[in-house]
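What follows is a single structure, written as structure tokens, with notes after it.
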Amino acid sequence: MRKPWEGRFKEKTQEFVEKFTQSVSFDKRLALEDITQSLAHIKTLYEAGILTQEEMLTLQNVLEDIKREIQEGRFVFSEELEDVHMNIEAELIRRSGEVGGKLHTGRSRNDQIATDEKLYIKKEIKECIMLLKDLRKKLVKLAENSVDVIMPAYTHLQRAQPIRLSHYFLAYREMFLGDELRFCYAYRMTDFLPLGSGAVAGVDFPLNRFFTAKELNFRALVRNSLQATSDRDYVLDTLYACAVVGMHLSRLSEDLILWSTQEFGFVELPDRLCTGSSIMPQKKNPDVLELIRGKTGRLYGNLLSLLTSLKGLPTAYNRDLQEDKEPLFDSIDTVKACIEAMNLVLDGLSLRVENMTPPFGDPIIATDLANYLVMKGLPFREAHRVVGNLIAYLLSENRSLGDIKLEELRDFSPLFDEDALSLLDPKVVADRRRTYGGTAKEEVLRQIEVAKREEGM
Ligand code: ARG
């Protein structure tokens, strides 16, 4: 097969080098974007008077045929032709003859690849945002259905203060909303068209880049041709957005894995999402969640991998930039699969409310006992010590706060009155946290309303 650039060469490319340098095995995923781009480029060439109308129509028709074959999986890509661009162009030339050779006028693969990649990223980010939205809606539904469930919040993985389970679900909804913003930012940074920048210095044909940007639905142009062919920051932004989604999913997974243990028993995962052990008959393992957590490592790795590839590059295009594709595809595939997996988990989650609910007198109400004394005039540090002593005393007696008598409380501070006993109820305590963003029922209900409105539910 003849290479488009063979004119200058006396030797055939070594077979190993062909295999080593080819990218078509993975960049063929950009084939449809490549054709979309070429169709716009053809129009730009026509507008610039470089192609006749007849030539334009011929090129368009042949490209449409090739597109159909690609969509139907009938197009054969060849590694000898290196990358997706040359595969499609070679086929166009084979079918349309001389006129096919005009397609690459005023274009380099350097601005071409960046454009394909941006078209791909814009499409995929939209899909990621849709998936995140589904996930957030599920969290809001879960929050709505668990307003009256009280559970312990943990800090340092130690029982800390009572919260509503809804509050927990809403916290993750906030994280996944932040993820949408990160994707929007990445989208915005991607939404500058490189095409028309040529190999590095711009193009000497009178191409109207603004016209091309309109055709390809880009918000604006990359304003500097060196930057247009050098830049992969938008890929980094996308990889970062994916990595943060992964981190959030991984933390949620970790909670649910812990919660599904016998020791916690807060939730039960459906059998259809779990697997068994080949040796221990009693086991039911949360593999889906473990894999979400595990795959997050790849999302971080992909970001680091591209950052590292970029750091030493001399300005403008270098072949190293080809190394951005596999991490990008992998992160997009991985993050989409992980969000979908979490969607399935949330659909199938059963809550074991009886195991979550903190008992009357659970020490997680201790902060409020101290605050009670503060309201009676004791400085907070003093109040903290008094309640600390009370807890230590109960621990040494192996007793629970739940059956403490008022007289006993008074032994620790005479400021305790009858009404202090109501604070032994974790639900009462949760409802005292009425600050904006707090866990009191009325506040959580308000947050749910806001969330529903924002999600269009
Ligand atoms: N496969 C290349 C890439 O992914 C396409 C651009 C090649 N350009 C070049 N001058 N060799 O970056």
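Letters for chains follow the order of the structure tokens (A, B, ...), residue numbers begin at 1 for each chain, and ligand numbers begin at 1 in the order shown.
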(message) What residues of the protein or nucleic acid chains come within 12 Å of ligand 1 when you use only C-alpha atoms and all ligand atoms? Reply as a PyMOL selection string.
(response) chain A and resi 4-5+20-30+34+79+81-87+107-117+198-200+229-232+316-326+328
(request) List the neighbours of segment 415-425 of chain A out to 10 Å using only C-alpha atoms; skip same-chain residues closer than 2 positions along the sequence, and give me the result as JSON, numbers by chain. (result) {"A": [162, 358, 359, 360, 361, 362, 363, 364, 365, 366, 367, 368, 369, 372, 373, 374, 375, 376, 377, 378, 401, 402, 403, 404, 405, 406, 407, 408, 409, 410, 411, 412, 413, 427, 428, 429, 430, 432]}
Could you write out that same residue set with N, CA, C and O atoms as a compact mmCIF listing (two decimals), in the first residue's frame?
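The file below, result.txt, is the result:
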# COMPACT_ATOMS: atom_id res chain seq x y z
N PRO A 162 -25.73 12.27 65.21
CA PRO A 162 -26.85 11.73 64.43
C PRO A 162 -27.18 12.61 63.22
O PRO A 162 -27.15 13.84 63.34
N PRO A 358 -29.72 4.84 65.60
CA PRO A 358 -28.99 4.85 66.87
C PRO A 358 -29.98 4.74 68.03
O PRO A 358 -31.06 5.33 67.97
N PRO A 359 -29.66 3.97 69.06
CA PRO A 359 -30.59 3.79 70.16
C PRO A 359 -30.74 5.06 70.99
O PRO A 359 -29.87 5.94 70.94
N PHE A 360 -31.81 5.13 71.73
CA PHE A 360 -31.99 6.20 72.73
C PHE A 360 -30.76 6.20 73.65
O PHE A 360 -30.34 5.16 74.11
N GLY A 361 -30.18 7.37 73.86
CA GLY A 361 -29.02 7.44 74.74
C GLY A 361 -27.70 7.06 74.08
O GLY A 361 -26.67 6.92 74.73
N ASP A 362 -27.72 6.91 72.75
CA ASP A 362 -26.45 6.66 72.04
C ASP A 362 -25.51 7.83 72.34
O ASP A 362 -25.92 9.00 72.26
N PRO A 363 -24.25 7.55 72.70
CA PRO A 363 -23.32 8.64 73.03
C PRO A 363 -23.12 9.65 71.89
O PRO A 363 -22.53 10.71 72.12
N ILE A 364 -23.62 9.37 70.69
CA ILE A 364 -23.49 10.36 69.61
C ILE A 364 -24.28 11.64 69.90
O ILE A 364 -24.16 12.61 69.15
N ILE A 365 -25.04 11.64 71.00
CA ILE A 365 -25.75 12.88 71.34
C ILE A 365 -24.93 13.74 72.31
O ILE A 365 -25.39 14.80 72.77
N ALA A 366 -23.70 13.27 72.61
CA ALA A 366 -22.91 13.92 73.66
C ALA A 366 -22.66 15.41 73.39
O ALA A 366 -22.69 16.24 74.31
N THR A 367 -22.43 15.75 72.13
CA THR A 367 -22.18 17.17 71.81
C THR A 367 -23.34 18.03 72.29
O THR A 367 -23.15 19.14 72.80
N ASP A 368 -24.55 17.48 72.12
CA ASP A 368 -25.73 18.29 72.47
C ASP A 368 -25.91 18.43 73.97
O ASP A 368 -26.42 19.45 74.45
N LEU A 369 -25.47 17.40 74.70
CA LEU A 369 -25.50 17.54 76.17
C LEU A 369 -24.56 18.66 76.59
O LEU A 369 -24.88 19.49 77.46
N TYR A 372 -26.04 21.93 75.76
CA TYR A 372 -27.10 22.24 76.73
C TYR A 372 -26.51 23.05 77.89
O TYR A 372 -27.06 24.08 78.30
N LEU A 373 -25.37 22.57 78.37
CA LEU A 373 -24.72 23.26 79.49
C LEU A 373 -24.23 24.65 79.06
O LEU A 373 -24.28 25.61 79.83
N VAL A 374 -23.80 24.74 77.80
CA VAL A 374 -23.36 26.04 77.28
C VAL A 374 -24.52 27.03 77.32
O VAL A 374 -24.37 28.18 77.73
N MET A 375 -25.70 26.55 76.92
CA MET A 375 -26.87 27.43 76.93
C MET A 375 -27.22 27.87 78.35
O MET A 375 -27.88 28.89 78.56
N LYS A 376 -26.77 27.06 79.31
CA LYS A 376 -27.01 27.45 80.71
C LYS A 376 -25.89 28.33 81.25
O LYS A 376 -25.81 28.57 82.46
N GLY A 377 -24.95 28.69 80.38
CA GLY A 377 -23.95 29.64 80.79
C GLY A 377 -22.55 29.09 81.00
O GLY A 377 -21.60 29.85 81.22
N LEU A 378 -22.40 27.76 80.93
CA LEU A 378 -21.07 27.19 81.14
C LEU A 378 -20.22 27.42 79.87
O LEU A 378 -20.72 27.26 78.76
N LEU A 401 -26.02 5.52 78.37
CA LEU A 401 -26.63 6.82 78.66
C LEU A 401 -28.15 6.74 78.68
O LEU A 401 -28.82 7.54 79.33
N GLY A 402 -28.65 5.72 77.99
CA GLY A 402 -30.10 5.59 77.81
C GLY A 402 -30.86 5.45 79.11
O GLY A 402 -32.01 5.84 79.21
N ASP A 403 -30.22 4.86 80.15
CA ASP A 403 -30.99 4.72 81.40
C ASP A 403 -30.43 5.58 82.54
O ASP A 403 -30.59 5.27 83.71
N ILE A 404 -29.80 6.68 82.15
CA ILE A 404 -29.28 7.59 83.17
C ILE A 404 -30.44 8.36 83.82
O ILE A 404 -31.44 8.66 83.17
N LYS A 405 -30.30 8.64 85.10
CA LYS A 405 -31.33 9.39 85.84
C LYS A 405 -30.87 10.85 85.96
O LYS A 405 -29.68 11.14 85.94
N LEU A 406 -31.86 11.72 86.11
CA LEU A 406 -31.55 13.14 86.22
C LEU A 406 -30.59 13.42 87.38
O LEU A 406 -29.64 14.20 87.25
N GLU A 407 -30.83 12.71 88.52
CA GLU A 407 -29.97 12.94 89.69
C GLU A 407 -28.51 12.63 89.36
O GLU A 407 -27.59 13.32 89.81
N GLU A 408 -28.34 11.59 88.57
CA GLU A 408 -26.97 11.22 88.20
C GLU A 408 -26.34 12.30 87.33
O GLU A 408 -25.16 12.64 87.50
N LEU A 409 -27.14 12.82 86.40
CA LEU A 409 -26.63 13.90 85.55
C LEU A 409 -26.20 15.08 86.42
O LEU A 409 -25.16 15.69 86.21
N ARG A 410 -27.04 15.35 87.43
CA ARG A 410 -26.76 16.49 88.31
C ARG A 410 -25.47 16.31 89.11
O ARG A 410 -24.84 17.30 89.50
N ASP A 411 -25.08 15.04 89.33
CA ASP A 411 -23.80 14.81 90.01
C ASP A 411 -22.65 15.39 89.20
O ASP A 411 -21.61 15.77 89.73
N PHE A 412 -22.86 15.41 87.86
CA PHE A 412 -21.79 15.92 87.00
C PHE A 412 -21.89 17.42 86.81
O PHE A 412 -20.90 18.11 86.68
N SER A 413 -23.13 17.91 86.77
CA SER A 413 -23.32 19.36 86.74
C SER A 413 -24.71 19.70 87.25
O SER A 413 -25.70 19.13 86.77
N LYS A 427 -32.98 11.51 67.41
CA LYS A 427 -33.84 12.20 66.45
C LYS A 427 -34.02 13.67 66.86
O LYS A 427 -33.95 14.59 66.03
N VAL A 428 -34.23 13.87 68.16
CA VAL A 428 -34.38 15.23 68.68
C VAL A 428 -33.11 16.03 68.38
O VAL A 428 -33.15 17.18 67.93
N VAL A 429 -32.00 15.37 68.61
CA VAL A 429 -30.71 16.03 68.44
C VAL A 429 -30.47 16.39 66.96
O VAL A 429 -30.02 17.50 66.64
N ALA A 430 -30.83 15.45 66.07
CA ALA A 430 -30.66 15.73 64.64
C ALA A 430 -31.49 16.96 64.26
O ALA A 430 -31.02 17.83 63.50
N ARG A 432 -32.19 19.49 65.87
CA ARG A 432 -31.69 20.78 66.39
C ARG A 432 -30.71 21.45 65.42
O ARG A 432 -30.41 22.62 65.57
(request) Pick out the closest residue to Phe264 of chain A from this set: A:Arg209, A:Arg293, A:His156, A:Arg352. Count only C-alpha atoms. (result)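 Closest to Phe264 of chain A, using only C-alpha atoms: A:Arg352.
Note that atom CA of Tyr234 of chain A and atom CA of Val335 of chain A are 16.9 Å apart.
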(request) Find the residue from A:Leu306, A:Leu299, A:Leu349, A:Val245 that sits nearest to Cys274 of chain A; use only C-alpha atoms when measuring. (result)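 Nearest candidate to Cys274 of chain A out of A:Leu306, A:Leu299, A:Leu349, A:Val245: A:Leu349.
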List the spatial neighbours of segment 339-348 of chain A as a short mmCIF file (atom, residue, chain, number, x, y, z; two decimals) with C-alpha atoms, in the first residue's frame - criterion: any atom at most 6 Å away, only C-alpha atoms, same-chain residues fewer than 3 positions off excluded.
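What landed in selection-v2.cif:
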data_model
loop_
_atom_site.label_atom_id
_atom_site.label_comp_id
_atom_site.auth_asym_id
_atom_site.auth_seq_id
_atom_site.Cartn_x
_atom_site.Cartn_y
_atom_site.Cartn_z
CA LEU A 135 -27.22 9.10 39.28
CA PRO A 270 -29.08 -7.51 45.70
CA LYS A 336 -19.20 5.71 32.01
#
(message) What parts of segment 34-247 of chain A does DSSP call strand (DSSP E)? I'd like the answer as a list of chain:residue names.
(response)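 Across segment 34-247 of chain A, those assigned strand (DSSP E) are A:Ile150, A:Met151, A:Pro152, A:Ala153, A:Tyr154, A:Thr155, A:Gln158, A:Arg159, A:Ala160, A:Gln161, A:Pro162, A:Ile163, A:Arg164, A:Phe192, A:Leu193, A:Ala220, A:Leu221.
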Resulting file, chosen residues, all heavy atoms, as a tab-separated table (two decimals), in the first residue's frame:
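Output (part16.tsv):
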chain	number	residue	atom	x	y	z
A	150	ILE	N	-32.86	8.02	60.86
A	150	ILE	CA	-31.72	8.64	61.54
A	150	ILE	C	-30.59	7.61	61.58
A	150	ILE	O	-30.82	6.42	61.77
A	150	ILE	CB	-32.10	9.03	62.99
A	150	ILE	CG1	-33.34	9.93	62.98
A	150	ILE	CG2	-30.93	9.69	63.71
A	150	ILE	CD1	-33.12	11.31	62.40
A	151	MET	N	-29.40	8.09	61.38
A	151	MET	CA	-28.24	7.20	61.42
A	151	MET	C	-27.08	7.95	62.05
A	151	MET	O	-27.12	9.17	62.19
A	151	MET	CB	-27.86	6.77	60.00
A	151	MET	CG	-27.31	7.92	59.19
A	151	MET	SD	-26.71	7.46	57.56
A	151	MET	CE	-25.41	6.31	57.95
A	152	PRO	N	-26.05	7.23	62.44
A	152	PRO	CA	-24.88	7.95	62.95
A	152	PRO	C	-24.06	8.49	61.78
A	152	PRO	O	-23.86	7.77	60.79
A	152	PRO	CB	-24.08	6.87	63.69
A	152	PRO	CG	-24.60	5.57	63.22
A	152	PRO	CD	-25.90	5.76	62.52
A	153	ALA	N	-23.62	9.74	61.86
A	153	ALA	CA	-22.58	10.20	60.95
A	153	ALA	C	-21.26	9.80	61.59
A	153	ALA	O	-21.15	9.79	62.83
A	153	ALA	CB	-22.65	11.71	60.78
A	154	TYR	N	-20.29	9.47	60.77
A	154	TYR	CA	-18.98	9.05	61.27
A	154	TYR	C	-17.95	10.11	60.92
A	154	TYR	O	-17.96	10.65	59.81
A	154	TYR	CB	-18.56	7.73	60.63
A	154	TYR	CG	-19.43	6.57	61.03
A	154	TYR	CD1	-20.67	6.38	60.44
A	154	TYR	CD2	-19.03	5.68	62.03
A	154	TYR	CE1	-21.50	5.34	60.82
A	154	TYR	CE2	-19.84	4.63	62.41
A	154	TYR	CZ	-21.08	4.47	61.80
A	154	TYR	OH	-21.88	3.43	62.19
A	155	THR	N	-17.07	10.41	61.86
A	155	THR	CA	-15.84	11.11	61.48
A	155	THR	C	-14.72	10.23	62.02
A	155	THR	O	-14.88	9.60	63.07
A	155	THR	CB	-15.75	12.53	62.06
A	155	THR	OG1	-15.67	12.44	63.49
A	155	THR	CG2	-16.96	13.39	61.70
A	158	GLN	N	-15.52	6.88	63.29
A	158	GLN	CA	-16.05	6.67	64.65
A	158	GLN	C	-17.40	7.39	64.71
A	158	GLN	O	-17.57	8.46	64.12
A	158	GLN	CB	-15.11	7.29	65.69
A	158	GLN	CG	-13.67	6.82	65.62
A	158	GLN	CD	-13.50	5.39	66.10
A	158	GLN	OE1	-14.22	4.93	66.99
A	158	GLN	NE2	-12.57	4.68	65.50
A	159	ARG	N	-18.34	6.77	65.43
A	159	ARG	CA	-19.68	7.37	65.54
A	159	ARG	C	-19.56	8.81	66.05
A	159	ARG	O	-18.96	9.04	67.11
A	159	ARG	CB	-20.54	6.54	66.48
A	159	ARG	CG	-20.84	5.16	65.94
A	159	ARG	CD	-21.43	4.27	67.00
A	159	ARG	NE	-22.87	4.46	67.19
A	159	ARG	CZ	-23.80	3.85	66.48
A	159	ARG	NH1	-23.45	3.03	65.51
A	159	ARG	NH2	-25.07	4.04	66.74
A	160	ALA	N	-20.15	9.75	65.32
A	160	ALA	CA	-19.92	11.16	65.64
A	160	ALA	C	-21.19	11.88	66.09
A	160	ALA	O	-21.29	12.28	67.25
A	160	ALA	CB	-19.33	11.86	64.42
A	161	GLN	N	-22.15	12.06	65.22
A	161	GLN	CA	-23.39	12.77	65.54
A	161	GLN	C	-24.52	12.17	64.71
A	161	GLN	O	-24.27	11.65	63.62
A	161	GLN	CB	-23.25	14.27	65.20
A	161	GLN	CG	-22.31	15.00	66.16
A	161	GLN	CD	-22.15	16.48	65.83
A	161	GLN	OE1	-22.51	16.92	64.74
A	161	GLN	NE2	-21.59	17.22	66.77
A	162	PRO	N	-25.73	12.27	65.21
A	162	PRO	CA	-26.85	11.73	64.43
A	162	PRO	C	-27.18	12.61	63.22
A	162	PRO	O	-27.15	13.84	63.34
A	162	PRO	CB	-28.02	11.70	65.41
A	162	PRO	CG	-27.66	12.66	66.49
A	162	PRO	CD	-26.17	12.78	66.52
A	163	ILE	N	-27.46	11.96	62.11
A	163	ILE	CA	-27.91	12.69	60.91
A	163	ILE	C	-29.08	11.93	60.31
A	163	ILE	O	-29.36	10.79	60.68
A	163	ILE	CB	-26.81	12.81	59.83
A	163	ILE	CG1	-26.25	11.42	59.47
A	163	ILE	CG2	-25.71	13.75	60.26
A	163	ILE	CD1	-25.41	11.43	58.21
A	164	ARG	N	-29.74	12.59	59.36
A	164	ARG	CA	-30.75	11.89	58.57
A	164	ARG	C	-30.03	11.17	57.44
A	164	ARG	O	-29.10	11.72	56.85
A	164	ARG	CB	-31.75	12.89	57.99
A	164	ARG	CG	-32.57	13.49	59.05
A	164	ARG	CD	-33.55	14.53	58.62
A	164	ARG	NE	-34.14	14.97	59.88
A	164	ARG	CZ	-35.07	14.27	60.51
A	164	ARG	NH1	-35.58	13.19	59.97
A	164	ARG	NH2	-35.50	14.68	61.68
A	192	PHE	N	-12.96	25.03	21.36
A	192	PHE	CA	-12.26	25.96	20.47
A	192	PHE	C	-11.73	25.15	19.28
A	192	PHE	O	-11.02	24.16	19.50
A	192	PHE	CB	-11.08	26.63	21.19
A	192	PHE	CG	-11.47	27.46	22.39
A	192	PHE	CD1	-11.43	26.93	23.66
A	192	PHE	CD2	-11.89	28.78	22.22
A	192	PHE	CE1	-11.79	27.69	24.77
A	192	PHE	CE2	-12.25	29.55	23.33
A	192	PHE	CZ	-12.20	29.01	24.60
A	193	LEU	N	-12.04	25.56	18.10
A	193	LEU	CA	-11.67	24.76	16.92
A	193	LEU	C	-10.20	24.96	16.52
A	193	LEU	O	-9.77	26.09	16.27
A	193	LEU	CB	-12.57	25.16	15.74
A	193	LEU	CG	-12.24	24.46	14.41
A	193	LEU	CD1	-12.62	22.98	14.46
A	193	LEU	CD2	-12.93	25.16	13.24
A	220	ALA	N	-15.84	28.75	19.40
A	220	ALA	CA	-14.85	29.74	18.98
A	220	ALA	C	-13.66	29.02	18.36
A	220	ALA	O	-13.61	27.79	18.31
A	220	ALA	CB	-14.41	30.58	20.18
A	221	LEU	N	-12.68	29.81	17.91
A	221	LEU	CA	-11.48	29.24	17.30
A	221	LEU	C	-10.33	29.22	18.30
A	221	LEU	O	-10.24	30.11	19.16
A	221	LEU	CB	-11.05	30.12	16.13
A	221	LEU	CG	-12.05	30.29	14.99
A	221	LEU	CD1	-11.52	31.33	14.00
A	221	LEU	CD2	-12.28	28.96	14.29
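Between atom CA of Asp287 of chain A and atom CA of Arg136 of chain A the interatomic distance comes to 22.3 Å.
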(message) Can you tell me which residues surround Glu80 of chain A at a distance of at most 9 Å, considering only C-alpha atoms, apart from same-chain residues fewer than 4 positions away, and format the answer as a count of residues only?
(response) 8
(request) Based on DSSP run over this structure's backbone, return all residues of segment 188-270 of chain A in alpha helix (DSSP H), as an NGL selection string. (result) :A and (188-190 or 209-215 or 225-230 or 233-259)
(request) Find the distance between atom CA of Leu304 of chain A and atom CA of Pro286 of chain A and write it in Å to one decimal. (result)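 Pair atom CA of Leu304 of chain A / atom CA of Pro286 of chain A returns 28.4 Å.
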